[in-house]
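J.: start31.csv (CSV, C-alpha atoms) pasted underneath:
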chain,number,residue,atom,x,y,z
A,1,MET,CA,20.2,29.3,-62.9
A,2,ARG,CA,21.3,27.2,-59.9
A,3,ASP,CA,19.3,24.1,-59.0
A,4,LEU,CA,16.9,25.1,-56.2
A,5,ASN,CA,16.8,21.4,-55.0
A,6,THR,CA,20.4,21.5,-54.1
A,7,LEU,CA,20.1,24.8,-52.1
A,8,PRO,CA,20.5,24.1,-48.4
A,9,LYS,CA,17.5,25.3,-46.5
A,10,ALA,CA,15.3,24.7,-43.5
A,11,HIS,CA,11.6,23.8,-43.6
A,12,LEU,CA,9.7,25.3,-40.7
A,13,HIS,CA,6.1,25.3,-41.7
A,14,LEU,CA,4.8,21.8,-42.5
A,15,HIS,CA,1.7,20.2,-41.0
A,16,PHE,CA,1.7,16.5,-40.2
A,17,THR,CA,-1.2,15.1,-42.2
A,18,GLY,CA,-0.8,17.8,-44.8
A,19,SER,CA,2.7,16.6,-45.5
A,20,MET,CA,1.5,13.3,-47.0
A,21,ARG,CA,2.1,12.4,-50.6
A,22,VAL,CA,-1.1,12.0,-52.6
A,23,SER,CA,0.0,8.5,-53.5
A,24,THR,CA,0.4,7.6,-49.8
A,25,LEU,CA,-3.0,8.9,-49.0
A,26,ALA,CA,-4.5,6.8,-51.8
A,27,ASP,CA,-2.6,3.7,-50.8
A,28,MET,CA,-3.7,4.0,-47.2
A,29,ALA,CA,-7.3,4.6,-48.1
A,30,GLU,CA,-7.4,1.6,-50.5
A,31,THR,CA,-5.8,-0.7,-47.9
A,32,GLN,CA,-8.4,0.3,-45.3
A,33,GLY,CA,-11.4,0.4,-47.7
A,34,ILE,CA,-11.9,4.1,-47.1
A,35,ARG,CA,-13.5,6.1,-49.9
A,36,LEU,CA,-11.9,9.5,-50.3
A,37,PRO,CA,-13.4,12.7,-51.8
A,38,GLU,CA,-12.4,13.0,-55.4
A,39,ASN,CA,-10.6,16.3,-54.8
A,40,LEU,CA,-8.0,14.6,-52.7
A,41,THR,CA,-6.8,12.3,-55.4
A,42,ASP,CA,-7.5,14.1,-58.7
A,43,ASN,CA,-4.0,15.7,-58.8
A,44,GLU,CA,-5.4,19.2,-58.8
A,45,ALA,CA,-4.5,21.7,-56.1
A,46,LEU,CA,-7.3,22.6,-53.7
A,47,GLN,CA,-8.5,26.1,-54.4
A,48,VAL,CA,-10.9,27.8,-52.0
A,49,PRO,CA,-11.6,31.4,-51.2
A,50,ALA,CA,-10.3,32.9,-47.9
A,51,ASP,CA,-13.8,33.2,-46.3
A,52,LYS,CA,-15.5,31.0,-43.7
A,53,ARG,CA,-17.1,28.8,-46.3
A,54,GLY,CA,-13.9,28.4,-48.2
A,55,TRP,CA,-12.0,27.6,-45.0
A,56,PHE,CA,-14.6,24.9,-44.1
A,57,ARG,CA,-14.1,23.3,-47.5
A,58,PHE,CA,-10.4,23.2,-46.8
A,59,GLN,CA,-10.9,21.8,-43.3
A,60,ARG,CA,-13.3,19.1,-44.6
A,61,ALA,CA,-10.7,17.9,-47.1
A,62,TYR,CA,-8.0,17.9,-44.4
A,63,ASP,CA,-10.3,16.0,-42.0
A,64,ALA,CA,-11.1,13.4,-44.7
A,65,ALA,CA,-7.4,12.8,-45.3
A,66,ARG,CA,-6.7,12.5,-41.5
A,67,LYS,CA,-9.2,9.6,-41.3
A,68,VAL,CA,-6.7,7.2,-42.9
A,69,VAL,CA,-4.0,8.0,-40.3
A,70,ASN,CA,-5.3,5.6,-37.7
A,71,SER,CA,-2.4,3.5,-36.7
A,72,GLU,CA,1.2,3.7,-35.5
A,73,ALA,CA,2.4,2.4,-38.9
A,74,ALA,CA,0.6,5.2,-40.7
A,75,MET,CA,2.0,7.9,-38.4
A,76,ARG,CA,5.5,6.6,-38.8
A,77,ARG,CA,5.2,6.4,-42.6
A,78,ILE,CA,4.1,10.1,-42.7
A,79,VAL,CA,7.1,11.3,-40.7
A,80,ARG,CA,9.5,9.1,-42.7
A,81,GLU,CA,8.2,10.2,-46.1
A,82,ALA,CA,8.2,13.9,-45.1
A,83,ALA,CA,11.9,13.6,-44.2
A,84,GLU,CA,12.7,11.7,-47.4
A,85,ASP,CA,10.9,14.4,-49.5
A,86,ASP,CA,12.7,17.2,-47.7
A,87,ALA,CA,16.0,15.4,-48.2
A,88,ARG,CA,15.4,15.4,-52.0
A,89,GLU,CA,14.8,19.2,-51.8
A,90,GLY,CA,18.0,20.2,-50.0
A,91,SER,CA,16.4,20.6,-46.6
A,92,ARG,CA,18.8,20.3,-43.7
A,93,ARG,CA,16.2,20.8,-40.9
A,94,LEU,CA,12.5,20.0,-40.8
A,95,GLU,CA,10.3,21.2,-37.9
A,96,ILE,CA,7.0,19.3,-38.5
A,97,GLN,CA,3.9,20.4,-36.7
A,98,ILE,CA,1.3,18.1,-35.1
A,99,ASP,CA,-1.7,18.1,-32.8
A,100,PRO,CA,-1.4,14.6,-31.3
A,101,THR,CA,-5.0,14.6,-30.0
A,102,SER,CA,-6.1,13.9,-33.6
A,103,TYR,CA,-4.4,10.6,-33.6
A,104,ALA,CA,-4.6,9.7,-29.9
A,105,PRO,CA,-7.7,7.4,-30.2
A,106,PHE,CA,-5.8,4.9,-32.4
A,107,VAL,CA,-2.6,4.5,-30.4
A,108,GLY,CA,-3.6,4.8,-26.7
A,109,GLY,CA,-3.6,8.5,-26.0
A,110,ILE,CA,-1.9,11.8,-26.7
A,111,THR,CA,1.4,10.7,-25.0
A,112,PRO,CA,1.9,7.6,-27.2
A,113,ALA,CA,0.8,9.6,-30.3
A,114,LEU,CA,3.5,12.2,-29.7
A,115,GLU,CA,6.2,9.7,-28.7
A,116,ILE,CA,5.6,7.7,-31.9
A,117,VAL,CA,6.2,10.8,-34.0
A,118,LEU,CA,9.3,11.8,-31.9
A,119,ASP,CA,10.7,8.3,-32.2
A,120,GLU,CA,10.3,8.1,-35.9
A,121,ALA,CA,11.6,11.7,-36.3
A,122,ALA,CA,14.8,10.6,-34.6
A,123,LEU,CA,15.1,7.5,-36.8
A,124,ALA,CA,14.3,9.4,-40.0
A,125,SER,CA,16.9,12.0,-39.1
A,126,ARG,CA,19.5,9.3,-38.8
A,127,ASP,CA,18.6,7.7,-42.1
A,128,THR,CA,18.0,10.7,-44.3
A,129,GLY,CA,20.4,13.3,-42.9
A,130,VAL,CA,17.6,15.8,-42.4
A,131,GLN,CA,17.2,16.9,-38.8
A,132,VAL,CA,13.5,16.3,-38.0
A,133,ALA,CA,12.3,18.1,-34.9
A,134,VAL,CA,8.6,18.5,-33.8
A,135,ILE,CA,6.3,21.4,-33.0
A,136,VAL,CA,3.3,20.5,-30.9
A,137,ALA,CA,0.3,22.7,-32.0
A,138,ALA,CA,-2.9,23.4,-30.2
A,139,SER,CA,-6.1,24.1,-32.2
A,140,ARG,CA,-8.2,27.2,-32.2
A,141,ILE,CA,-11.3,25.1,-32.7
A,142,LYS,CA,-10.7,23.3,-29.4
A,143,HIS,CA,-11.0,24.5,-25.8
A,144,PRO,CA,-7.9,26.5,-24.5
A,145,LEU,CA,-7.7,24.1,-21.6
A,146,ASP,CA,-6.8,21.4,-24.1
A,147,ALA,CA,-3.9,23.6,-25.2
A,148,ARG,CA,-2.6,23.7,-21.6
A,149,THR,CA,-2.6,19.9,-21.5
A,150,LEU,CA,-0.7,19.8,-24.8
A,151,ALA,CA,1.8,22.5,-23.6
A,152,ARG,CA,2.6,20.3,-20.6
A,153,LEU,CA,3.2,17.3,-22.8
A,154,ALA,CA,5.3,19.3,-25.1
A,155,ALA,CA,7.3,20.7,-22.2
A,156,TYR,CA,8.1,17.2,-21.0
A,157,HIS,CA,9.7,16.3,-24.4
A,158,ALA,CA,11.4,19.7,-24.9
A,159,GLY,CA,14.8,19.9,-26.5
A,160,ASP,CA,16.5,21.3,-29.7
A,161,GLY,CA,17.6,18.2,-31.5
A,162,PRO,CA,16.2,15.5,-33.8
A,163,GLY,CA,13.2,13.7,-32.3
A,164,GLU,CA,12.5,16.3,-29.7
A,165,VAL,CA,9.9,19.0,-29.3
A,166,VAL,CA,11.3,22.4,-30.1
A,167,GLY,CA,8.2,24.7,-30.2
A,168,PHE,CA,4.6,25.2,-29.4
A,169,GLY,CA,2.1,26.4,-31.9
A,170,LEU,CA,-1.6,27.4,-32.4
A,171,SER,CA,-3.2,26.5,-35.7
A,172,ASN,CA,-6.5,26.2,-37.5
A,173,ASP,CA,-9.0,29.0,-38.3
A,174,GLU,CA,-7.6,32.3,-37.1
A,175,ARG,CA,-11.1,33.7,-36.7
A,176,ARG,CA,-12.0,31.3,-33.9
A,177,GLY,CA,-11.7,32.2,-30.2
A,178,ASN,CA,-9.9,35.0,-28.4
A,179,THR,CA,-6.2,34.8,-28.8
A,180,SER,CA,-5.6,35.9,-25.2
A,181,ASP,CA,-7.3,32.7,-24.0
A,182,TRP,CA,-4.3,30.6,-25.2
A,183,ALA,CA,-1.7,32.8,-23.5
A,184,SER,CA,-1.5,30.5,-20.4
A,185,ALA,CA,-0.7,27.5,-22.6
A,186,PHE,CA,2.1,29.4,-24.3
A,187,ASN,CA,3.5,30.5,-21.0
A,188,ILE,CA,3.8,26.9,-19.9
A,189,ALA,CA,5.6,26.1,-23.1
A,190,ARG,CA,8.0,29.0,-22.9
A,191,ARG,CA,8.9,28.2,-19.3
A,192,ALA,CA,10.1,24.9,-20.6
A,193,GLY,CA,12.3,26.6,-23.2
A,194,LEU,CA,10.0,26.0,-26.2
A,195,ALA,CA,9.7,28.6,-28.9
A,196,SER,CA,6.3,30.2,-29.5
A,197,VAL,CA,5.3,29.6,-33.1
A,198,PRO,CA,1.5,30.4,-33.5
A,199,HIS,CA,-0.3,31.0,-36.8
A,200,GLY,CA,-1.5,34.5,-37.5
A,201,GLY,CA,-1.9,37.0,-40.2
A,202,GLU,CA,-3.1,34.9,-43.1
A,203,LEU,CA,-6.9,34.9,-42.9
A,204,LEU,CA,-6.9,38.0,-40.7
A,205,GLY,CA,-5.0,41.2,-40.9
A,206,PRO,CA,-2.9,43.5,-38.8
A,207,GLU,CA,-5.2,43.8,-35.8
A,208,HIS,CA,-5.2,40.1,-35.4
A,209,LEU,CA,-1.4,40.1,-35.6
A,210,ARG,CA,-1.2,42.7,-32.9
A,211,GLU,CA,-3.1,40.4,-30.6
A,212,VAL,CA,-0.9,37.4,-31.4
A,213,VAL,CA,2.2,39.3,-30.8
A,214,ALA,CA,0.9,40.8,-27.5
A,215,HIS,CA,-0.5,37.7,-26.0
A,216,LEU,CA,1.6,34.8,-27.4
A,217,ASN,CA,5.0,36.4,-27.6
A,218,PRO,CA,6.0,34.6,-30.8
A,219,ALA,CA,9.5,33.8,-31.9
A,220,ARG,CA,8.0,33.0,-35.4
A,221,LEU,CA,4.7,33.8,-37.0
A,222,GLY,CA,3.0,31.1,-39.0
A,223,HIS,CA,2.3,33.1,-42.2
A,224,GLY,CA,2.0,36.7,-41.0
A,225,VAL,CA,1.9,38.0,-44.5
A,226,ARG,CA,-1.1,40.3,-43.9
A,227,VAL,CA,1.3,42.5,-41.9
A,228,ALA,CA,2.3,44.1,-45.2
A,229,GLU,CA,-1.0,46.0,-44.9
A,230,ASP,CA,0.5,48.0,-42.0
A,231,PRO,CA,4.1,49.2,-42.6
A,232,GLU,CA,4.5,50.5,-39.1
A,233,LEU,CA,3.5,47.1,-37.6
A,234,LEU,CA,5.8,45.3,-40.1
A,235,ASP,CA,8.8,47.5,-39.0
A,236,ARG,CA,8.0,46.8,-35.3
A,237,ILE,CA,7.8,43.0,-35.8
A,238,VAL,CA,11.0,43.0,-37.8
A,239,ASP,CA,12.8,45.1,-35.2
A,240,SER,CA,11.6,42.7,-32.5
A,241,GLY,CA,13.3,39.8,-34.3
A,242,ILE,CA,10.1,37.8,-34.9
A,243,ALA,CA,10.5,35.6,-38.0
A,244,PHE,CA,7.9,34.9,-40.7
A,245,GLU,CA,7.0,31.4,-42.0
A,246,VAL,CA,5.8,32.4,-45.4
A,247,CYS,CA,3.9,29.9,-47.5
A,248,PRO,CA,3.1,31.5,-50.9
A,249,ALA,CA,1.3,28.5,-52.4
A,250,SER,CA,-1.0,28.3,-49.4
A,251,ASN,CA,-1.8,32.0,-49.6
A,252,ILE,CA,-2.8,31.5,-53.3
A,253,SER,CA,-4.7,28.3,-52.8
A,254,LEU,CA,-6.7,29.7,-49.9
A,255,GLY,CA,-7.5,32.8,-51.9
A,256,VAL,CA,-5.8,35.2,-49.6
A,257,TYR,CA,-4.1,36.5,-52.8
A,258,GLN,CA,-5.3,35.8,-56.3
A,259,ASN,CA,-1.9,35.0,-57.7
A,260,ALA,CA,1.8,34.9,-56.8
A,261,SER,CA,2.4,38.5,-57.8
A,262,GLU,CA,0.2,39.6,-54.9
A,263,VAL,CA,2.0,37.7,-52.2
A,264,PRO,CA,4.0,40.4,-50.3
A,265,LEU,CA,7.2,38.4,-50.2
A,266,ARG,CA,9.2,41.3,-51.7
A,267,THR,CA,7.7,43.8,-49.2
A,268,LEU,CA,8.7,41.6,-46.2
A,269,PHE,CA,12.1,41.0,-47.7
A,270,ALA,CA,12.7,44.7,-48.4
A,271,ALA,CA,11.7,45.5,-44.8
A,272,GLY,CA,14.5,43.2,-43.5
A,273,ALA,CA,12.2,40.5,-42.3
A,274,GLN,CA,13.6,37.1,-41.4
A,275,ILE,CA,11.7,34.8,-43.7
A,276,ALA,CA,11.4,31.0,-43.8
A,277,LEU,CA,9.5,29.7,-46.9
A,278,GLY,CA,7.3,26.7,-46.2
A,279,ALA,CA,5.0,24.3,-48.0
A,280,ASP,CA,2.2,24.2,-45.3
A,281,ASP,CA,0.1,21.4,-46.7
A,282,PRO,CA,1.5,19.9,-49.9
A,283,LEU,CA,-1.1,17.1,-49.9
A,284,LEU,CA,-3.8,19.7,-50.6
A,285,PHE,CA,-1.8,22.4,-52.4
A,286,LEU,CA,0.4,20.1,-54.5
A,287,SER,CA,3.3,22.4,-53.9
A,288,ARG,CA,6.4,21.4,-51.8
A,289,LEU,CA,9.3,23.3,-50.4
A,290,THR,CA,11.4,23.9,-53.5
A,291,ASP,CA,8.3,25.1,-55.2
A,292,GLN,CA,8.1,28.0,-52.8
A,293,TYR,CA,11.6,29.1,-53.8
A,294,GLN,CA,10.6,28.8,-57.4
A,295,ILE,CA,7.8,31.2,-56.7
A,296,ALA,CA,10.3,33.6,-55.3
A,297,ARG,CA,12.4,33.2,-58.4
A,298,ASP,CA,9.4,33.8,-60.6
A,299,LEU,CA,8.8,37.0,-58.5
A,300,GLY,CA,12.2,38.3,-59.6
A,301,PHE,CA,14.4,37.1,-56.8
A,302,ASP,CA,17.9,36.4,-58.1
A,303,ASP,CA,20.1,33.6,-56.8
A,304,TYR,CA,21.8,35.9,-54.3
A,305,GLU,CA,18.5,36.9,-52.9
A,306,ILE,CA,17.2,33.3,-52.9
A,307,ALA,CA,20.4,32.4,-51.0
A,308,LEU,CA,19.5,35.1,-48.4
A,309,LEU,CA,16.1,33.5,-48.1
A,310,ALA,CA,17.7,30.2,-47.4
A,311,HIS,CA,20.1,31.7,-44.9
A,312,SER,CA,17.1,33.3,-43.2
A,313,SER,CA,15.3,30.0,-42.9
A,314,ILE,CA,18.3,28.4,-41.2
A,315,SER,CA,18.6,31.4,-38.8
A,316,ALA,CA,14.9,31.2,-37.9
A,317,SER,CA,15.1,27.4,-37.2
A,318,LEU,CA,15.5,26.1,-33.7
A,319,ALA,CA,18.6,24.1,-34.5
A,320,SER,CA,21.9,24.4,-32.6
A,321,THR,CA,24.3,27.3,-33.4
A,322,ALA,CA,26.9,24.8,-34.7
A,323,ASP,CA,24.5,23.3,-37.1
A,324,LYS,CA,23.3,26.7,-38.3
A,325,THR,CA,26.9,27.8,-38.9
A,326,ARG,CA,27.6,24.6,-41.0
A,327,TRP,CA,24.4,25.0,-43.1
A,328,HIS,CA,25.1,28.7,-43.7
A,329,ASP,CA,28.5,27.8,-45.1
A,330,GLU,CA,26.8,25.2,-47.4
A,331,ILE,CA,24.5,27.9,-48.7
A,332,ASP,CA,27.5,30.1,-49.5
A,333,ASP,CA,29.1,27.2,-51.3
A,334,TRP,CA,25.9,26.8,-53.4
A,335,LEU,CA,26.0,30.4,-54.3
A,336,ALA,CA,29.7,30.3,-55.1
A,337,THR,CA,29.2,27.4,-57.6
A,338,PRO,CA,28.7,28.8,-61.1
A,339,ALA,CA,25.2,28.4,-62.4
Would you kindly transcribe this structure into structure tokens?

T.:
Amino acid sequence: MRDLNTLPKAHLHLHFTGSMRVSTLADMAETQGIRLPENLTDNEALQVPADKRGWFRFQRAYDAARKVVNSEAAMRRIVREAAEDDAREGSRRLEIQIDPTSYAPFVGGITPALEIVLDEAALASRDTGVQVAVIVAASRIKHPLDARTLARLAAYHAGDGPGEVVGFGLSNDERRGNTSDWASAFNIARRAGLASVPHGGELLGPEHLREVVAHLNPARLGHGVRVAEDPELLDRIVDSGIAFEVCPASNISLGVYQNASEVPLRTLFAAGAQIALGADDPLLFLSRLTDQYQIARDLGFDDYEIALLAHSSISASLASTADKTRWHDEIDDWLATPA
């Protein structure tokens, strides 16, 4: 079988702190004298059930990791290493997601926090060959007015190239707040030309996805896998051109599905969905981008179908048309090379 690391692909669902290497987290913590929870450094993937208690355990682990990211140098290191890791896995385009408010206290505010990430994204793009763009994400556990502030900041830095903001997201616990309360923030972002890329349809099912689609007008859905429970809604979302950022390892680690065979990747694929496989939080799930393609292979996807998934990830990215065309050709070359 062909080497999945050499398959050209785009990585569209990766969280900033969650992208860290375990070794980097341990190194930063040791340097700063910060004691980490054992489950962040024991080289075992975090496994929690997809209920509120399980999500809180996940969030506590994420928050503990974020405590070491308290300087410009730490932020730059995370962006740089994420790009380097993607380069090793054949990624041509990385759209990394960040809520800059989490790091603002250490670097002088949300504007410097975002600009540090954008600057390093441009430098890492130049040095690694992976185009690194940024998605600014609001959080469901914060007030919707905070999201409007972030949307204006994102709009100021809007673009489609490396080191620019290409989209606006909404992350964290899907069960928090009313989705419609974030609509005004997404309207600000869309008016600036930013793509709407909210999370939805992982912890909650089709009714939640209907709300996300109705109020946030997404170009892509972060996860969205629970749409498989409603074939009519799946067909409607596919027909509308909304893409899915599917993160199989995340679904399993969070207990949404008990094992890979339950992840409805084949259902979405058969429905003609545009799918971009993503790693979500490799720091916690110990599963990176290529691992998601390996899961697809383990589910019975042959190399032709895996190439179609890679094509889909490129198409769903916010890169330029010229770049997409070049990368599509590279995927075809990968498939044309004998295994």

J.: At a cut-off of 12 Å around the point (1.1, 16.0, -26.6) (file coordinates), what residues fall inside when counting all atoms listed in the file? I'd like the answer as number ranges by chain.

T.: A: 97-104, 109-118, 134-138, 146-158, 164-165, 167-169, 189

J.: When you count all atoms listed in the file, which of these residues is closest to Val213 of chain A: A:Leu14, A:Ala64, A:Ile237, A:Leu286?

T.: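 Answer, going by the shortest atom-to-atom distance: A:Ile237.
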
J.: Taking 3 positions as the minimum chain separation for residues in the same chain, which residues sit within 8 Å of Pro198 of chain A when counting only C-alpha atoms? Answer as a list in words.

T.: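 Here the answer would be Ala137, Phe168, Gly169, Leu170, Ser171, Val212, Leu216, Pro218, Arg220, Leu221 and Gly222 of chain A.
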
J.: Which distance in Å separates atom CA of Phe56 of chain A and atom CA of Leu254 of chain A, to one decimal?

T.: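 Spanning atom CA of Phe56 of chain A to atom CA of Leu254 of chain A is a straight-line distance of 10.9 Å.
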
J.: I'd like the interatomic distance between atom CA of Ser240 of chain A and atom CA of Ala214 of chain A, to a tenth of an Å.

T.: 12.0 Å

J.: Quick check, in Å to one decimal: how far apart do atom CA of Ala83 of chain A and atom CA of Asp119 of chain A lie?

T.: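 Pair atom CA of Ala83 of chain A / atom CA of Asp119 of chain A returns 13.2 Å.
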
J.: Report as a Markdown table: every residue of segment 65-155 of chain A with an atom at most 12 Å from segment 297-318 of chain A, its closest pair of atoms, and their distance in Å to one decimal, counting all atoms listed in the file, with rows sorted by chain and ascending residue number.

T.:
| residue | atom | partner | partner_atom | distance |
| --- | --- | --- | --- | --- |
| A:Gly90 | CA | A:Ala310 | CA | 10.3 |
| A:Ser91 | CA | A:Ile314 | CA | 9.7 |
| A:Arg92 | CA | A:Ile314 | CA | 8.5 |
| A:Arg93 | CA | A:Ser317 | CA | 7.6 |
| A:Leu94 | CA | A:Ser317 | CA | 8.6 |
| A:Glu95 | CA | A:Ser317 | CA | 7.9 |
| A:Ile96 | CA | A:Ser317 | CA | 11.5 |
| A:Gln131 | CA | A:Leu318 | CA | 10.7 |
| A:Val132 | CA | A:Leu318 | CA | 10.9 |
| A:Ala133 | CA | A:Leu318 | CA | 8.7 |
| A:Val134 | CA | A:Leu318 | CA | 10.3 |
| A:Ile135 | CA | A:Leu318 | CA | 10.4 |

J.: Which residues come within 7 Å of Glu245 of chain A, counting all atoms listed in the file, excluding same-chain residues fewer than 4 positions away, as a PyMOL selection string?

T.: chain A and resi 12-13+220-223+275-278
